[in-house]
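What follows is model_4.txt (compact mmCIF, C-alpha atoms).
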# COMPACT_ATOMS: atom_id res chain seq x y z
CA MET A 1 -27.23 -43.91 -12.20
CA GLU A 2 -27.77 -47.54 -11.15
CA ARG A 3 -26.11 -46.81 -7.82
CA SER A 4 -28.39 -43.89 -7.08
CA ILE A 5 -31.52 -45.87 -7.85
CA VAL A 6 -30.38 -48.85 -5.79
CA LEU A 7 -29.42 -46.64 -2.85
CA VAL A 8 -32.76 -44.83 -2.97
CA ALA A 9 -34.63 -48.15 -3.09
CA LEU A 10 -32.63 -49.77 -0.30
CA PHE A 11 -32.99 -46.78 2.00
CA ALA A 12 -36.74 -46.78 1.38
CA ALA A 13 -36.66 -50.43 2.46
CA LEU A 14 -34.58 -49.42 5.48
CA ILE A 15 -37.21 -46.88 6.59
CA ALA A 16 -39.79 -49.63 6.36
CA ALA A 17 -37.63 -52.16 8.22
CA LEU A 18 -36.93 -49.69 11.02
CA GLY A 19 -40.67 -49.18 11.44
CA LEU A 20 -41.43 -52.90 11.43
CA ILE A 21 -38.87 -54.31 13.84
CA PRO A 22 -40.43 -54.54 17.28
CA LYS A 23 -39.51 -51.67 19.56
CA ILE A 24 -35.77 -51.79 19.77
CA MET A 25 -35.75 -48.19 20.91
CA LEU A 26 -35.77 -47.03 24.49
CA THR A 27 -38.91 -48.06 26.30
CA SER A 28 -40.01 -44.92 28.09
CA GLY A 29 -43.78 -44.74 28.15
CA VAL A 30 -44.21 -42.80 24.93
CA PRO A 31 -44.34 -45.24 22.06
CA ILE A 32 -41.34 -44.56 19.86
CA THR A 33 -40.47 -46.30 16.66
CA ALA A 34 -37.28 -45.96 14.72
CA GLN A 35 -39.17 -44.97 11.57
CA SER A 36 -38.47 -41.27 11.78
CA LEU A 37 -34.85 -42.15 12.55
CA GLY A 38 -34.83 -43.80 9.13
CA ILE A 39 -36.15 -40.59 7.57
CA MET A 40 -33.41 -38.54 9.24
CA LEU A 41 -30.73 -41.02 8.12
CA CYS A 42 -31.97 -40.86 4.51
CA GLY A 43 -31.24 -37.16 4.49
CA THR A 44 -27.97 -37.16 6.41
CA VAL A 45 -26.46 -40.12 4.58
CA LEU A 46 -27.84 -39.85 1.04
CA GLY A 47 -28.12 -36.08 0.77
CA ALA A 48 -31.06 -33.90 -0.19
CA LYS A 49 -32.14 -35.27 -3.56
CA ARG A 50 -31.57 -38.98 -3.04
CA GLY A 51 -32.73 -38.88 0.57
CA GLY A 52 -35.91 -37.08 -0.40
CA ALA A 53 -36.47 -39.56 -3.23
CA ALA A 54 -36.04 -42.51 -0.87
CA ALA A 55 -38.60 -41.09 1.57
CA LEU A 56 -40.94 -40.29 -1.33
CA LEU A 57 -40.70 -43.86 -2.63
CA PHE A 58 -41.47 -45.17 0.83
CA VAL A 59 -44.51 -42.90 1.14
CA LEU A 60 -45.84 -43.85 -2.31
CA LEU A 61 -45.59 -47.57 -1.55
CA THR A 62 -47.30 -47.06 1.80
CA LEU A 63 -50.16 -45.19 0.13
CA ALA A 64 -50.37 -47.94 -2.49
CA GLY A 65 -51.36 -50.28 0.31
CA LEU A 66 -48.21 -51.91 1.69
CA PRO A 67 -48.54 -51.97 5.50
CA LEU A 68 -45.14 -50.39 6.05
CA LEU A 69 -45.89 -47.54 8.41
CA ALA A 70 -44.99 -48.22 12.04
CA GLY A 71 -47.76 -50.32 13.53
CA GLY A 72 -48.43 -52.02 10.21
CA ARG A 73 -50.59 -49.30 8.72
CA GLY A 74 -50.83 -48.50 5.03
CA GLY A 75 -53.26 -47.66 2.25
CA LEU A 76 -55.04 -44.61 0.98
CA GLY A 77 -56.90 -44.33 4.28
CA LEU A 78 -53.80 -42.62 5.64
CA LEU A 79 -54.63 -39.56 3.56
CA ALA A 80 -57.79 -39.08 5.57
CA SER A 81 -56.30 -39.95 8.94
CA PRO A 82 -54.94 -37.39 11.44
CA THR A 83 -51.34 -38.35 10.66
CA VAL A 84 -51.64 -37.31 7.00
CA GLY A 85 -49.33 -34.32 7.45
CA PHE A 86 -46.51 -36.44 8.80
CA ILE A 87 -46.73 -38.80 5.87
CA ILE A 88 -46.56 -35.93 3.41
CA GLY A 89 -43.81 -34.39 5.51
CA PHE A 90 -41.48 -37.41 5.35
CA PRO A 91 -39.91 -36.58 1.96
CA LEU A 92 -39.69 -32.89 2.87
CA ALA A 93 -37.96 -33.77 6.15
CA ALA A 94 -35.40 -36.01 4.46
CA PHE A 95 -34.75 -33.38 1.81
CA ALA A 96 -34.24 -30.64 4.42
CA ALA A 97 -31.86 -32.79 6.48
CA GLY A 98 -29.85 -33.62 3.38
CA TRP A 99 -29.78 -30.00 2.28
CA ILE A 100 -28.28 -28.90 5.58
CA MET A 101 -25.68 -31.69 5.42
CA GLU A 102 -24.66 -30.57 1.95
CA ARG A 103 -24.67 -26.92 2.92
CA PHE A 104 -22.25 -27.22 5.84
CA GLN A 105 -19.50 -29.40 4.42
CA ARG A 106 -16.65 -28.07 6.52
CA GLN A 107 -18.12 -28.07 10.01
CA ASN A 108 -17.92 -30.95 12.48
CA ILE A 109 -19.93 -33.82 11.07
CA LEU A 110 -21.49 -34.85 14.38
CA VAL A 111 -22.79 -31.36 15.10
CA VAL A 112 -24.07 -30.85 11.56
CA GLY A 113 -25.62 -34.33 11.53
CA ILE A 114 -27.57 -33.74 14.74
CA LEU A 115 -28.57 -30.25 13.63
CA ALA A 116 -29.72 -31.50 10.23
CA SER A 117 -31.77 -34.25 11.88
CA ILE A 118 -33.42 -31.78 14.26
CA VAL A 119 -34.27 -29.28 11.54
CA GLY A 120 -35.42 -31.94 9.06
CA GLY A 121 -36.86 -34.62 11.30
CA ILE A 122 -38.52 -32.35 13.84
CA ILE A 123 -39.09 -28.81 12.59
CA VAL A 124 -39.77 -29.49 8.92
CA LEU A 125 -41.68 -32.69 9.72
CA TYR A 126 -43.88 -31.16 12.41
CA ILE A 127 -45.07 -28.20 10.31
CA PRO A 128 -47.12 -30.24 7.80
CA GLY A 129 -47.82 -32.75 10.57
CA VAL A 130 -49.47 -30.21 12.84
CA LEU A 131 -51.24 -28.52 9.90
CA GLY A 132 -52.67 -31.86 8.78
CA MET A 133 -53.74 -32.77 12.28
CA SER A 134 -55.54 -29.52 12.89
CA ALA A 135 -57.26 -29.76 9.50
CA VAL A 136 -58.47 -33.34 9.92
CA LEU A 137 -59.46 -33.06 13.57
CA GLY A 138 -60.87 -29.56 13.25
CA LYS A 139 -58.64 -28.23 16.02
CA SER A 140 -56.70 -25.01 16.25
CA LEU A 141 -53.00 -25.11 15.40
CA SER A 142 -51.91 -24.63 19.00
CA ASP A 143 -54.14 -27.50 20.20
CA ALA A 144 -52.61 -29.80 17.60
CA LEU A 145 -49.14 -28.71 18.64
CA VAL A 146 -49.89 -29.59 22.27
CA LEU A 147 -50.89 -33.09 21.17
CA MET A 148 -47.46 -33.50 19.61
CA LEU A 149 -45.39 -32.34 22.59
CA PRO A 150 -44.90 -35.77 24.22
CA PHE A 151 -43.15 -36.99 21.08
CA ILE A 152 -40.52 -34.28 20.94
CA THR A 153 -38.26 -35.89 23.57
CA GLY A 154 -38.12 -39.14 21.65
CA ASP A 155 -37.45 -37.31 18.42
CA LEU A 156 -34.59 -35.36 19.97
CA ILE A 157 -32.99 -38.64 21.08
CA LYS A 158 -33.44 -40.01 17.58
CA ALA A 159 -31.86 -36.90 16.07
CA ALA A 160 -28.82 -37.38 18.30
CA LEU A 161 -28.62 -41.04 17.26
CA ALA A 162 -28.86 -40.08 13.59
CA GLY A 163 -25.96 -37.67 14.11
CA PHE A 164 -23.79 -40.34 15.75
CA ILE A 165 -24.59 -42.91 13.08
CA THR A 166 -23.77 -40.43 10.34
CA GLN A 167 -20.45 -39.66 12.02
CA ALA A 168 -19.63 -43.37 12.33
CA ILE A 169 -20.34 -43.90 8.62
CA HIS A 170 -18.16 -40.95 7.80
CA ARG A 171 -15.30 -42.50 9.79
CA ALA A 172 -15.61 -46.02 8.43
CA ARG A 173 -16.55 -45.39 4.78
CA PRO A 174 -16.14 -41.70 3.98
CA HIS A 175 -16.68 -42.29 0.27
CA LEU A 176 -20.14 -43.72 0.95
CA LEU A 177 -21.45 -40.62 2.67
CA LEU A 178 -23.04 -39.08 -0.41
CA SER A 179 -24.21 -35.99 1.44
CA ARG A 180 -20.57 -34.87 1.73
CA HIS A 181 -19.23 -34.62 -1.80
CA MET B 1 -59.54 -43.35 -7.36
CA ILE B 2 -61.03 -40.09 -8.62
CA LEU B 3 -64.36 -41.12 -7.15
CA LEU B 4 -62.63 -41.47 -3.80
CA CYS B 5 -61.32 -37.89 -3.97
CA VAL B 6 -64.77 -36.51 -4.78
CA LEU B 7 -66.48 -38.48 -2.03
CA THR B 8 -63.91 -37.50 0.56
CA SER B 9 -64.17 -33.82 -0.23
CA LEU B 10 -67.97 -34.10 -0.01
CA LEU B 11 -67.51 -35.57 3.47
CA PHE B 12 -65.93 -32.37 4.69
CA GLY B 13 -69.03 -30.44 3.66
CA ILE B 14 -71.30 -32.35 6.03
CA SER B 15 -72.53 -30.18 8.86
CA ASP B 16 -75.24 -32.08 10.71
CA PRO B 17 -74.49 -35.04 12.98
CA VAL B 18 -77.34 -37.28 11.84
CA SER B 19 -76.25 -37.50 8.20
CA GLY B 20 -72.63 -37.87 9.32
CA VAL B 21 -73.42 -40.95 11.37
CA ALA B 22 -75.66 -42.27 8.60
CA ILE B 23 -72.87 -42.07 6.04
CA ALA B 24 -70.39 -43.76 8.37
CA LEU B 25 -72.89 -46.59 8.86
CA CYS B 26 -73.44 -46.85 5.08
CA VAL B 27 -69.70 -47.23 4.46
CA ILE B 28 -69.46 -49.91 7.14
CA LEU B 29 -72.45 -51.68 5.55
CA VAL B 30 -70.54 -51.83 2.24
CA TYR B 31 -67.77 -53.65 4.08
CA ALA B 32 -70.28 -56.09 5.54
CA ALA B 33 -71.78 -56.70 2.09
CA LEU B 34 -68.42 -57.94 0.84
CA GLY B 35 -68.28 -60.90 3.18
CA VAL B 36 -67.55 -61.73 6.81
CA ARG B 37 -63.78 -62.11 6.52
CA PHE B 38 -63.48 -58.88 4.55
CA PHE B 39 -65.56 -57.12 7.20
CA ILE B 40 -63.36 -58.38 10.05
CA LYS B 41 -60.17 -57.39 8.26
CA GLY B 42 -61.50 -53.93 7.44
CA MET B 43 -62.70 -53.30 10.96
CA ARG B 44 -59.33 -54.36 12.35
CA VAL B 45 -57.69 -51.62 10.28
CA LEU B 46 -60.22 -49.08 11.55
CA ILE B 47 -59.56 -50.03 15.16
CA GLY B 48 -56.05 -48.66 14.64
CA LEU B 49 -57.66 -45.22 14.82
CA TRP B 50 -58.81 -45.64 18.42
CA PRO B 51 -56.26 -43.35 20.12
CA PHE B 52 -57.48 -40.46 18.00
CA LEU B 53 -61.13 -41.37 18.45
CA ILE B 54 -60.86 -41.46 22.23
CA LEU B 55 -58.82 -38.26 22.29
CA ILE B 56 -61.30 -36.30 20.17
CA GLY B 57 -64.23 -37.85 21.99
CA ALA B 58 -62.85 -36.87 25.38
CA TRP B 59 -61.99 -33.40 24.13
CA HIS B 60 -65.52 -32.67 22.95
CA ILE B 61 -67.18 -34.17 26.01
CA TRP B 62 -64.99 -31.90 28.09
CA LEU B 63 -66.00 -28.89 25.98
CA ALA B 64 -69.62 -30.14 26.03
CA ASP B 65 -69.69 -29.63 22.27
CA TYR B 66 -71.29 -32.96 21.34
CA HIS B 67 -72.67 -31.71 18.01
CA GLN B 68 -69.28 -30.83 16.53
CA GLY B 69 -67.66 -33.89 18.10
CA ILE B 70 -70.02 -36.36 16.42
CA ILE B 71 -69.54 -34.66 13.05
CA ILE B 72 -65.74 -34.87 13.28
CA LEU B 73 -65.75 -38.46 14.52
CA SER B 74 -68.14 -39.75 11.88
CA ARG B 75 -66.30 -37.85 9.16
CA LEU B 76 -62.99 -39.35 10.23
CA ILE B 77 -64.36 -42.90 10.32
CA SER B 78 -66.08 -42.67 6.93
CA ALA B 79 -63.13 -41.03 5.16
CA VAL B 80 -60.61 -43.60 6.39
CA ALA B 81 -62.97 -46.52 5.78
CA LEU B 82 -63.72 -45.35 2.22
CA ALA B 83 -60.05 -45.03 1.32
CA ASN B 84 -59.23 -48.41 2.80
CA LEU B 85 -62.05 -49.86 0.74
CA VAL B 86 -60.19 -48.83 -2.42
CA THR B 87 -56.91 -50.26 -1.13
CA MET B 88 -58.45 -53.55 -0.06
CA THR B 89 -60.25 -54.16 -3.35
CA THR B 90 -57.27 -53.33 -5.58
CA ARG B 91 -54.38 -55.70 -6.17
CA LEU B 92 -50.90 -54.45 -5.32
CA GLN B 93 -49.75 -54.99 -8.92
CA ASP B 94 -52.50 -52.67 -10.20
CA MET B 95 -51.53 -50.06 -7.62
CA ILE B 96 -47.86 -50.23 -8.68
CA ASP B 97 -48.81 -50.04 -12.36
CA PHE B 98 -50.84 -46.95 -11.51
CA LEU B 99 -47.85 -45.43 -9.68
CA VAL B 100 -45.52 -46.12 -12.61
CA ARG B 101 -48.02 -44.55 -15.01
CA VAL B 102 -48.50 -41.48 -12.82
CA SER B 103 -44.74 -41.05 -12.46
CA ARG B 104 -44.29 -40.77 -16.23
CA PRO B 105 -43.60 -37.01 -15.99
CA ALA B 106 -40.44 -37.99 -14.04
CA ARG B 107 -38.92 -38.77 -17.45
CA TRP B 108 -38.40 -35.06 -17.93
CA PHE B 109 -35.89 -35.21 -15.07
CA GLY B 110 -34.06 -38.09 -16.74
CA LEU B 111 -35.78 -40.87 -14.79
CA SER B 112 -37.24 -43.68 -16.85
CA PRO B 113 -40.45 -45.38 -15.66
CA GLN B 114 -38.48 -48.62 -15.88
CA ALA B 115 -36.05 -47.35 -13.23
CA ILE B 116 -38.96 -46.57 -10.94
CA GLY B 117 -40.35 -50.06 -11.50
CA ILE B 118 -37.01 -51.60 -10.55
CA ALA B 119 -36.77 -49.39 -7.49
CA ILE B 120 -40.24 -50.48 -6.33
CA ALA B 121 -39.38 -54.14 -6.86
CA LEU B 122 -36.13 -53.70 -4.90
CA VAL B 123 -37.92 -52.09 -1.96
CA ILE B 124 -40.49 -54.87 -1.75
CA ARG B 125 -37.81 -57.55 -2.05
CA PHE B 126 -35.51 -56.04 0.54
CA ILE B 127 -37.92 -55.23 3.37
CA PRO B 128 -38.12 -58.85 4.60
CA VAL B 129 -34.36 -59.22 4.09
CA LEU B 130 -33.64 -56.17 6.24
CA VAL B 131 -36.13 -57.13 8.95
CA ALA B 132 -34.57 -60.60 9.17
CA ARG B 133 -31.12 -59.07 9.29
CA ALA B 134 -32.14 -56.72 12.10
CA GLN B 135 -33.43 -59.71 14.04
CA HIS B 136 -30.15 -61.58 13.51
CA LEU B 137 -28.21 -58.58 14.71
CA SER B 138 -30.30 -58.19 17.83
CA VAL B 139 -30.05 -61.91 18.67
CA ALA B 140 -26.30 -61.77 18.19
CA TYR B 141 -26.10 -58.67 20.36
CA ARG B 142 -28.05 -60.34 23.13
CA ALA B 143 -25.87 -63.45 22.93
CA ARG B 144 -22.73 -61.43 23.44
CA SER B 145 -23.86 -58.84 25.96
CA GLY B 146 -26.72 -60.51 27.80
CA LYS B 147 -28.66 -57.26 27.47
CA ARG B 148 -31.56 -56.41 25.22
CA ALA B 149 -30.44 -55.18 21.84
CA SER B 150 -31.07 -51.47 21.62
CA TRP B 151 -30.40 -48.82 19.02
CA ARG B 152 -26.88 -50.25 18.71
CA ILE B 153 -27.89 -52.62 15.92
CA ILE B 154 -28.94 -49.76 13.64
CA LEU B 155 -25.40 -48.79 12.70
CA PRO B 156 -24.35 -52.25 11.42
CA LEU B 157 -27.72 -52.45 9.66
CA VAL B 158 -27.03 -49.20 7.82
CA PHE B 159 -23.55 -50.42 6.87
CA SER B 160 -24.95 -53.64 5.48
CA VAL B 161 -27.46 -51.63 3.43
CA LEU B 162 -24.69 -49.46 1.98
CA ASP B 163 -22.61 -52.54 1.08
CA ASP B 164 -25.62 -54.29 -0.45
CA ALA B 165 -26.30 -51.21 -2.54
CA ASP B 166 -22.78 -51.41 -3.97
CA ASN B 167 -23.17 -55.08 -4.86
CA ILE B 168 -26.62 -54.70 -6.39
CA SER B 169 -25.68 -51.71 -8.49
CA ASN B 170 -22.63 -53.58 -9.80
CA ALA B 171 -24.83 -56.57 -10.59
CA LEU B 172 -27.36 -54.35 -12.38
CA ARG B 173 -24.65 -52.70 -14.43
CA ALA B 174 -23.13 -56.07 -15.33
CA ARG B 175 -26.51 -57.13 -16.69
CA GLY B 176 -26.82 -54.17 -19.01
CA GLY B 177 -27.83 -51.42 -16.60
CA ILE B 178 -31.09 -49.55 -16.41

Go through the file and emit its structure as structure tokens.
Amino acid sequence: MERSIVLVALFAALIAALGLIPKIMLTSGVPITAQSLGIMLCGTVLGAKRGGAAALLFVLLTLAGLPLLAGGRGGLGLLASPTVGFIIGFPLAAFAAGWIMERFQRQNILVVGILASIVGGIIVLYIPGVLGMSAVLGKSLSDALVLMLPFITGDLIKAALAGFITQAIHRARPHLLLSRH
Amino acid sequence: MILLCVLTSLLFGISDPVSGVAIALCVILVYAALGVRFFIKGMRVLIGLWPFLILIGAWHIWLADYHQGIIILSRLISAVALANLVTMTTRLQDMIDFLVRVSRPARWFGLSPQAIGIAIALVIRFIPVLVARAQHLSVAYRARSGKRASWRIILPLVFSVLDDADNISNALRARGGI
């Protein structure tokens, strides 16, 4: 019980830290932060329930006013901003990634890790993200989707990274990979 | 808090540009009424919206639909400014107390409010620790390789988090648990 709570709390802090450290990611025009990488890792490392809880805790603290979102944003104003859907989507994305990890226990961990990160961190995250954007900006769904296209490359790279990191954890400390038990 | 919800939903009902702009100005006036420093800080947060503002502005100029564009822009500015007003005038402790109170139904799933309080405290305590650790890792990486630290520091960071979690949970249990 204690372990679960501590892991959830520390991974929520990890999401925040990954969003706050100055761009350590590839510098390729499109601004990328490692924040969504943190969301993917929550799911692939902690599993569905704990990963989702960690992302939820992070979102709640951000809404409560801590400037934790990449770029130092935070507060209730986020709920009215165009990125509202992504913020709501964070816990869902982590949960989905964790669910896929738990579902495919036998298959190659690298492949499942990357797949889980793509499904959770891109597909599941973009659905509420695009919905929220089109609602707040008063655009059609396809217009909102076009706005998101430049980010997909970066997110694919991050999904691959999340897969590799998950595999490395599995090799070094298999007992710590809670999504595989 | 509830007032904020009501006001924001009213904002979405506005359909003529003049009242939209008027409301946005009113909200900004409230900021100004609370002092110069408060005003500057609040406006700095709002400036973070600029990529969206320019994008929507350009979009509607291109479509020559100025009417709708002004409504959306003013609605966006007032909604975000209003919500930030609540955040900026409430202390973090009050916000966390509110969160713990709201999360009381979590007890039905076997989660005590106390556990949630500890989790929140841990997150806040560990963010600066992790950021500092990431900086150490990237400096160390640069010292050894001569190159800029890239994504390669994330893996050791995650390992350190997992190890910390073990130590902290042992420490918590040794002190009587949650």

Nearest to chain A, chosen from B:Val80, B:Ile153, B:Ile118, B:Ile40, with only C-alpha atoms counted in the distances
B:Val80

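The interatomic distance for the pair atom CA of A:Leu46 and atom CA of A:Val130 works out to 26.5 Å.
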
Between atom CA of B:Pro128 and atom CA of B:Leu162, what distance in Å does the model show, to one decimal?
16.6 Å

Please provide as a list of chain:residue names all residues within 7 Å of stretch 94-101 of chain A, with the sequence filter that same-chain residues fewer than 2 positions apart are discarded (counting all atoms listed in the file).
A:Ile39, A:Met40, A:Cys42, A:Gly43, A:Thr44, A:Leu46, A:Gly47, A:Ala48, A:Lys49, A:Gly51, A:Gly52, A:Ala55, A:Phe90, A:Pro91, A:Leu92, A:Arg103, A:Phe104, A:Gln105, A:Val112, A:Gly113, A:Ala116, A:Ser117, A:Val119, A:Gly120, A:Ser179

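For the atom pair formed by atom CA of A:Met133 and atom CA of B:Ala81, the distance is 17.8 Å, given to one decimal.
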
Restricting the calculation to all atoms listed in the file: of B:Val36, B:Ala79, B:Leu137, B:Ala132, which residue gets closest to chain A?
B:Ala79

If we count only C-alpha atoms, what is near B:Leu172 at a cut-off of 12 Å, once residues fewer than 3 positions away on the same chain are taken out, given as number ranges by chain?
A: 1-6; B: 115, 118-119, 122, 165-169, 175-178
